[in-house]
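Below is one structure, written out as structure tokens; comments come after it.
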Amino acid sequence: MTSICDRQRAIARKSDSRYWYQHPNEAAAKLSALKYLKRAQLLRLRHIRHLWKVSIQLFTSLFRGLFIGLFVALVASPVPSALANSDSNQAATLTSRSYTVGALAFAAPEIVYQRWAPTLARVTKETGIALELVPLRPDELVERVSNNSLDFIIGNALITVAFKKDYGVSHLLTLVPLNHANPEQAVGTALISRSSLEINALSDLEGLRVVSSDPNAFGGFQIIAGEMITAGIDPLNDLRQLEFVGFPQEKLLDFLREDRADVAILPSCVLESAIAQGKLTRGELHVLLPQFQPGFSCQASSSLYPGYAFSKLGKTDHDVARHIVRALLDIESQDQQAILGRYHTWSVPVDDSQVFTLLQQLDRWPFVTNWQRLAEDAIPWALVIAIILALGYLHHLRVKRLVKKRTQALSDEMTQHKDTQKRLFEQQQQFYRAQRVLLTGEMASGIAHELNQPLAGIRYLAQGSIYRLLAQQTDLQHALSKILQQVDRAQNTIKRFRQFCQQPSVYQDCDLKELIQDTLNLMQPDFKRMDLNPKQFLWPLTVTLDISLMQQVFVNLIRNALDAMDETNDPQLAIAITNDSENAVIVVSDSGIGLSEQALERLFFPFETSKANGLGLGMVVCKRIVEEHGGKIRAFNNREASRTQHLPKELGNEFPRFATGLTLVITLPLKENVHV
Amino acid sequence: MCNLYLVDDDQDVLDSLKWMLEGMGYAPQTFTNASSFLTQVDLHLPGVAILDIQMPGVDGIELLQRVKQQESPLSVIMLTGHGTISMAVQALQHGAIDFLEKPADGDKLQALMKKASLMSLDAYQHKEKASSVAQRIASLTPREQQVMHAVLAGKLNKVIAAELNIAQRTIELHRQKVMQKMQVNNVAELAYLMAITKP
């Protein structure tokens with residue numbers, strides 16, 4: 001009564017009905033029992049598919065297609081509608097309705113009807129329960145069982161076990177056959193041939209002409225088929241000359257006698273009963289690979305299995321079943337009904353584990369593949385797969401488009417990056433060029449100044465001497481005039497040199513923050529190298545200045561700071577912009593080694609340097625530029641006790657006060673009116 | 001020749017310049033920085049100052065500005081080691097006589113100094129005259145000033161009398177007094193005096 005059971009039944013019903021309705025033709029029906037078994041296999045497959053489907057869902061959800069998974073679940077999940085059974089209302093109407101008994105029949109329903117009808121009639125008479133006997137072919141039987149339109153079944157051991165397994169059919173009674181004491185060993189298969197033919201193993205059958213009545217026949221095919229499968233033989237494919245010739249089974253003996261076949265697969269005892277009835281002479285035919293079973297009076301080529309079983313469907317009322325079983329058990333072997341039914345008595349169910357094994361063997365047997373059936377079965381799956389593939393393809397298209405789009409964006413960005421890099425490189429080049437020119441200019445200017453003063457002195461003195469000469473000292477006058485000329489010549493050279501090296505200043509309004517940020521960008525490689533992130537305390541402040549010159553100042557200050565921190569463990573750099581009422585103030589502070597007192601005093605003197613290969617002009621240039629802008633620059637060591645009073649009051653508390661290193665403060669007049 | 005002052009932070013250059021000027025017959029006073037110049041020189045007297053522009057502390061341009069702020073009659077000549085146009089313009093704007101590059105040629109400098117000396121004296125005299133005229137004007141009563149301005153405007157006595165609503169005779173007396181106090185003999189002389197001392 002569990003929902004799983006219901007659900008399986010529902011699935012089976014669904015797929016079975018679809019199958020059976022679409023294959024009413026006889027030929028297909030012939031294989032129906034095997035197909036039924038196959039379907040059991042399909043059910044298991046369905047479990048696997050279910051797992052597969054779950055994994056598909058996971059897979060698709062990975063592709064952000066959770067909705068696909070939901071869709072799949074909607075389309076493919078078995079409908080778990082619990083079919084309400086109407087068991088309870090049956091007990092009250094014990095006799096008011098008739099119960100249907102399905103009896104397995106292969107070829108001749110009338111024979112089957114004649115066999116079981118007297119037995120059922122007796123039961124009806126004794127219990128008052130109306131029973132309707134319906135002989136059914138295996139496929140019809142399966143259909144009826146799956147439709148729940150039967151109440152009881154009389155079938156062979158194999159189909160009963162299969163129903164037990166798949167439809168919850170309850171095995172009530174086992175038929176005890178005539179002549180055999182043990183109901184567990186009621187039927188086997190006999191491989192019969194003419195006495196002249198002998199084989200040693202089942203595999204020898206492969207080259208022979210083999211006949212059987214029906215692939216669904218239990219003793220007549222399935223038992224030996226199970227044993228063949230165990231022996232590694234696929235009966236339908238490996239027995240190349242296998243032929244199913246239909247009922248009655250005695251017909252197969254004629255095939256042998258007429259040499260239309262070499263071997264006949266028949267249930268046990270068929271040969272013996274034919275001999276008993278005088279249809280055959282003993283010794284004409286014999287059983288191949290005979291196995292003697294104690295207590296079994298016929299020869300068989302296979303193991304023995306229980307015979308027919310009487311079963312009830314799960315929904316059938318227990319009380320009704322109890323009455324019927326009691327009536328059946330009452331039948332004695334000498335009763336008319338038993339004789340007509342060709343059985344000894346009914347007995348309690350016997351051990352059918354052997355049959356289970358056989359069923360499993362048959363289940364594993366790769367049956368003839370019904371491609372059409374499989375195709376139809378696969379349609380929903382194909383649809384689902386198609387939808388998944390379609391969605392996958394859409395996803396693929398989308399991804400492709402996105403890839404294209406993002407590749408474009410990436411390449412745009414790369415181009416942009418390249419441009420930026422190029423621009424930065426150019427800026428750097430320009431900067432270094434400017435620096436070179438500036439340094440040359442500064443050197444020229446320094447040299448010019450240093451030379452100009454003594455030259456001026458010489459000239460003044462010489463001319464002063466001329467003024468002091470008497471009119472007649474013409475030779476001295478001449479010589480002194482020559483001195484003047486030489487001085488003038490030297491001065492002209494210096495002047496030209498200076499003019500050549502000097503670059504005119506270009507003053508313009510400029511945002512200090514932007515300028516400093518540009519400078520920091522320019523020096524980004526150095527920061528990266530030192531793993532340093534400068535702390536910036538910048539805000540926009542417009543000052544009139546020469547951008548390229550002032551940039552030189554910042555670069556020089558920062559480079560000096562970085563050089564001073566070359567061997568510092570934790571290099572830090574802070575830059576701030578602030579202002580008072582008249583001046584913009586720029587503060588650059590590092591955590592480097594700082595300077596000695598002497599070095600600090602001579603920081604802004606030309607040709608003073610602490611660097612191995614420095615020129616000693618950097619800070620001089622800075623000072624000159626700042627002063628040219630009308631500003632001031634000063635420096636102090638961070639370790640100085642008085643450092644706080646050097647810092648502008650307007651500087652916020654956030655600005656770090658490093659324990660070591662140097663701080664430089666530049667003040668630039670906000671109102672730029674004096675350019676000296 | 002009036003007083004001559006030299007200001008340069010380089011002692012050697014200062015001395016050699018002094019040597020040259022002495023050779024010309026001048027007796028310059030020398031200063032090595034702006035503050036000593038400002039403390040030791042009487043800026044109200046005529047004179048010629050030769051200033052170096054590049055100096056530590058108060059530089060030449062600033063010194064020039066301070067001198068001119070005090071309305072000194074001093075003539076200032078600027079000297080520079082390496083001059084630029086903007087520097088020259090600035091110097092002249094602030095009232096320098098001329099702007100020379102170091103080292104200045106003695107002859108050129110001499111000519112310039114002569115001119116500067118004259119200008120300084122001129123300025124001094126002009127300043128003196130202007131201050132005496134200002135004194136004379138200050139000695140006039142308000143009524144006399146009124147009458148003087150009316151006379152300078154070319155108005156007749158009777159017109160002035162009508163405007164000020166006083167007797168013509170009184171106007172004549174005021175007019176006489178004005179001529180007397182302003183130390184002029186006629187209206188044309190008075191107008192000339194006023195014109196030349198107009199700031």
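Every chain in the structure tokens has a letter given in the order shown (A, B, ...), and although residue numbers restart at 1 in each chain, ligands are simply numbered from 1 in the order shown.
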Exercise for the section: Pick out the residues sitting within 12 Å of range 272-283 of chain A, and hand them over as a VMD selection string; count only C-alpha atoms, and ignore anything fewer than 2 positions along from it in its own chain. Expected result: chain A and resid 178 to 179 190 192 to 196 249 to 254 256 to 257 266 to 270 285 to 287 296 to 300
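Contacts from chain A to chain B at a cut-off of 7 Å (only C-alpha atoms) map to His449, Asn452, Gln453, Ala456, Gly457, Arg459, Tyr460, Leu461, Gln463, Gly464, Ser465, Tyr467, Arg468 and Val676 of chain A.
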Would you save the residues from that selection as an mmCIF file, in the first residue's frame, using N, CA and C atoms?
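As a result, out_17.cif now contains:
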data_model
loop_
_atom_site.group_PDB
_atom_site.id
_atom_site.type_symbol
_atom_site.label_atom_id
_atom_site.label_comp_id
_atom_site.auth_asym_id
_atom_site.auth_seq_id
_atom_site.Cartn_x
_atom_site.Cartn_y
_atom_site.Cartn_z
ATOM 1 N N HIS A 449 76.360 82.065 -13.350
ATOM 2 C CA HIS A 449 76.355 82.978 -12.213
ATOM 3 C C HIS A 449 77.724 82.990 -11.545
ATOM 4 N N ASN A 452 80.086 84.723 -13.802
ATOM 5 C CA ASN A 452 79.735 86.107 -14.111
ATOM 6 C C ASN A 452 80.258 87.077 -13.051
ATOM 7 N N GLN A 453 80.176 86.662 -11.808
ATOM 8 C CA GLN A 453 80.594 87.537 -10.726
ATOM 9 C C GLN A 453 82.087 87.899 -10.843
ATOM 10 N N ALA A 456 82.674 90.072 -13.771
ATOM 11 C CA ALA A 456 82.230 91.445 -13.510
ATOM 12 C C ALA A 456 83.308 92.185 -12.725
ATOM 13 N N GLY A 457 83.848 91.462 -11.711
ATOM 14 C CA GLY A 457 84.900 92.075 -10.908
ATOM 15 C C GLY A 457 86.090 92.485 -11.764
ATOM 16 N N ARG A 459 86.208 93.058 -14.905
ATOM 17 C CA ARG A 459 85.909 94.161 -15.834
ATOM 18 C C ARG A 459 85.911 95.509 -15.106
ATOM 19 N N TYR A 460 85.266 95.519 -13.949
ATOM 20 C CA TYR A 460 85.217 96.767 -13.177
ATOM 21 C C TYR A 460 86.632 97.236 -12.839
ATOM 22 N N LEU A 461 87.419 96.263 -12.395
ATOM 23 C CA LEU A 461 88.771 96.632 -11.984
ATOM 24 C C LEU A 461 89.589 97.141 -13.166
ATOM 25 N N GLN A 463 88.445 98.441 -15.947
ATOM 26 C CA GLN A 463 87.977 99.753 -16.411
ATOM 27 C C GLN A 463 88.360 100.848 -15.418
ATOM 28 N N GLY A 464 88.309 100.477 -14.112
ATOM 29 C CA GLY A 464 88.746 101.424 -13.080
ATOM 30 C C GLY A 464 90.203 101.807 -13.283
ATOM 31 N N SER A 465 90.999 100.817 -13.702
ATOM 32 C CA SER A 465 92.403 101.102 -13.960
ATOM 33 C C SER A 465 92.554 102.059 -15.144
ATOM 34 N N TYR A 467 90.513 104.321 -16.096
ATOM 35 C CA TYR A 467 90.160 105.682 -15.679
ATOM 36 C C TYR A 467 91.311 106.347 -14.916
ATOM 37 N N ARG A 468 92.108 105.494 -14.285
ATOM 38 C CA ARG A 468 93.189 106.054 -13.487
ATOM 39 C C ARG A 468 94.459 106.339 -14.312
ATOM 40 N N VAL A 676 59.452 86.563 -10.348
ATOM 41 C CA VAL A 676 60.795 87.154 -10.440
ATOM 42 C C VAL A 676 61.624 86.377 -11.449
#
Problem - Phe356 in chain A environment, 9 Å, only C-alpha atoms, sequence neighbours closer than 4 positions dropped, as a list in words - result: Leu158, Val161, Ala162, Asp352, Gln360 and Gln361 of chain A
Would you mind exporting C-alpha atoms of the selected residues as a short mmCIF file (atom, residue, chain, number, x, y, z; two decimals), in the first residue's frame?
data_model
loop_
_atom_site.label_atom_id
_atom_site.label_comp_id
_atom_site.auth_asym_id
_atom_site.auth_seq_id
_atom_site.Cartn_x
_atom_site.Cartn_y
_atom_site.Cartn_z
CA LEU A 158 7.12 -17.79 -13.94
CA VAL A 161 6.38 -14.75 -9.79
CA ALA A 162 6.72 -11.87 -12.25
CA ASP A 352 9.41 -20.46 -5.65
CA GLN A 360 16.30 -12.97 -13.06
CA GLN A 361 18.18 -14.98 -15.65
#
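Nearest residue to Asn147 in chain A, choosing from A:Arg115, A:Lys632, A:Lys315, A:Trp539 and counting only C-alpha atoms: A:Lys315.
Proximity ranking of B:Thr80, B:Thr32, B:Ser132, B:Ser72 relative to Val58 in chain B places B:Thr32 first, based on only C-alpha atoms.
Every protein or nucleic acid residue with an atom no more than 10 Å from Ala138 in chain B, counting only C-alpha atoms and leaving out same-chain residues fewer than 6 positions away, appears here: Ser132, Gln145, Lys181 and Met182 of chain B.
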Practice task
Just the residues within 9 Å of Gln552 in chain A, please, counting only C-alpha atoms, with nothing from its chain fewer than 2 positions along; format it as a PyMOL selection string.
Solution key: chain A and resi 431+434-435+438+519+547-550+554-557+618+621-622+625
DSSP strand (DSSP E or B) residues within range 419-552 of chain A, as a PDB file with N, CA and C atoms, in the first residue's frame:
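Generated file (part34.pdb):
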ATOM      1  N   GLN A 508      50.340  78.863 -15.882  1.00  0.00           N
ATOM      2  CA  GLN A 508      48.911  78.720 -16.149  1.00  0.00           C
ATOM      3  C   GLN A 508      48.225  78.215 -14.881  1.00  0.00           C
ATOM      4  N   ASP A 509      46.891  78.402 -14.846  1.00  0.00           N
ATOM      5  CA  ASP A 509      46.139  77.917 -13.685  1.00  0.00           C
ATOM      6  C   ASP A 509      46.116  76.402 -13.729  1.00  0.00           C
ATOM      7  N   CYS A 510      46.304  75.810 -12.579  1.00  0.00           N
ATOM      8  CA  CYS A 510      46.427  74.353 -12.567  1.00  0.00           C
ATOM      9  C   CYS A 510      45.918  73.843 -11.225  1.00  0.00           C
ATOM     10  N   ASP A 511      45.261  72.675 -11.297  1.00  0.00           N
ATOM     11  CA  ASP A 511      44.778  72.049 -10.075  1.00  0.00           C
ATOM     12  C   ASP A 511      45.916  71.226  -9.470  1.00  0.00           C
ATOM     13  N   LYS A 535      50.058  57.420   0.723  1.00  0.00           N
ATOM     14  CA  LYS A 535      48.840  57.946   1.353  1.00  0.00           C
ATOM     15  C   LYS A 535      48.625  59.353   0.822  1.00  0.00           C
ATOM     16  N   GLN A 536      47.420  59.586   0.304  1.00  0.00           N
ATOM     17  CA  GLN A 536      47.159  60.886  -0.312  1.00  0.00           C
ATOM     18  C   GLN A 536      46.123  61.656   0.489  1.00  0.00           C
ATOM     19  N   PHE A 537      46.432  62.876   0.760  1.00  0.00           N
ATOM     20  CA  PHE A 537      45.473  63.763   1.440  1.00  0.00           C
ATOM     21  C   PHE A 537      45.310  64.971   0.532  1.00  0.00           C
ATOM     22  N   THR A 542      43.482  75.417  -6.869  1.00  0.00           N
ATOM     23  CA  THR A 542      44.020  75.972  -8.104  1.00  0.00           C
ATOM     24  C   THR A 542      45.122  76.977  -7.797  1.00  0.00           C
ATOM     25  N   VAL A 543      46.251  76.768  -8.453  1.00  0.00           N
ATOM     26  CA  VAL A 543      47.406  77.635  -8.263  1.00  0.00           C
ATOM     27  C   VAL A 543      47.948  77.955  -9.650  1.00  0.00           C
ATOM     28  N   THR A 544      48.483  79.188  -9.806  1.00  0.00           N
ATOM     29  CA  THR A 544      49.096  79.527 -11.081  1.00  0.00           C
ATOM     30  C   THR A 544      50.546  79.076 -11.051  1.00  0.00           C
ATOM     31  N   LEU A 545      50.902  78.200 -11.952  1.00  0.00           N
ATOM     32  CA  LEU A 545      52.283  77.710 -11.945  1.00  0.00           C
ATOM     33  C   LEU A 545      52.656  77.132 -13.303  1.00  0.00           C
TER      34      LEU A 545
END
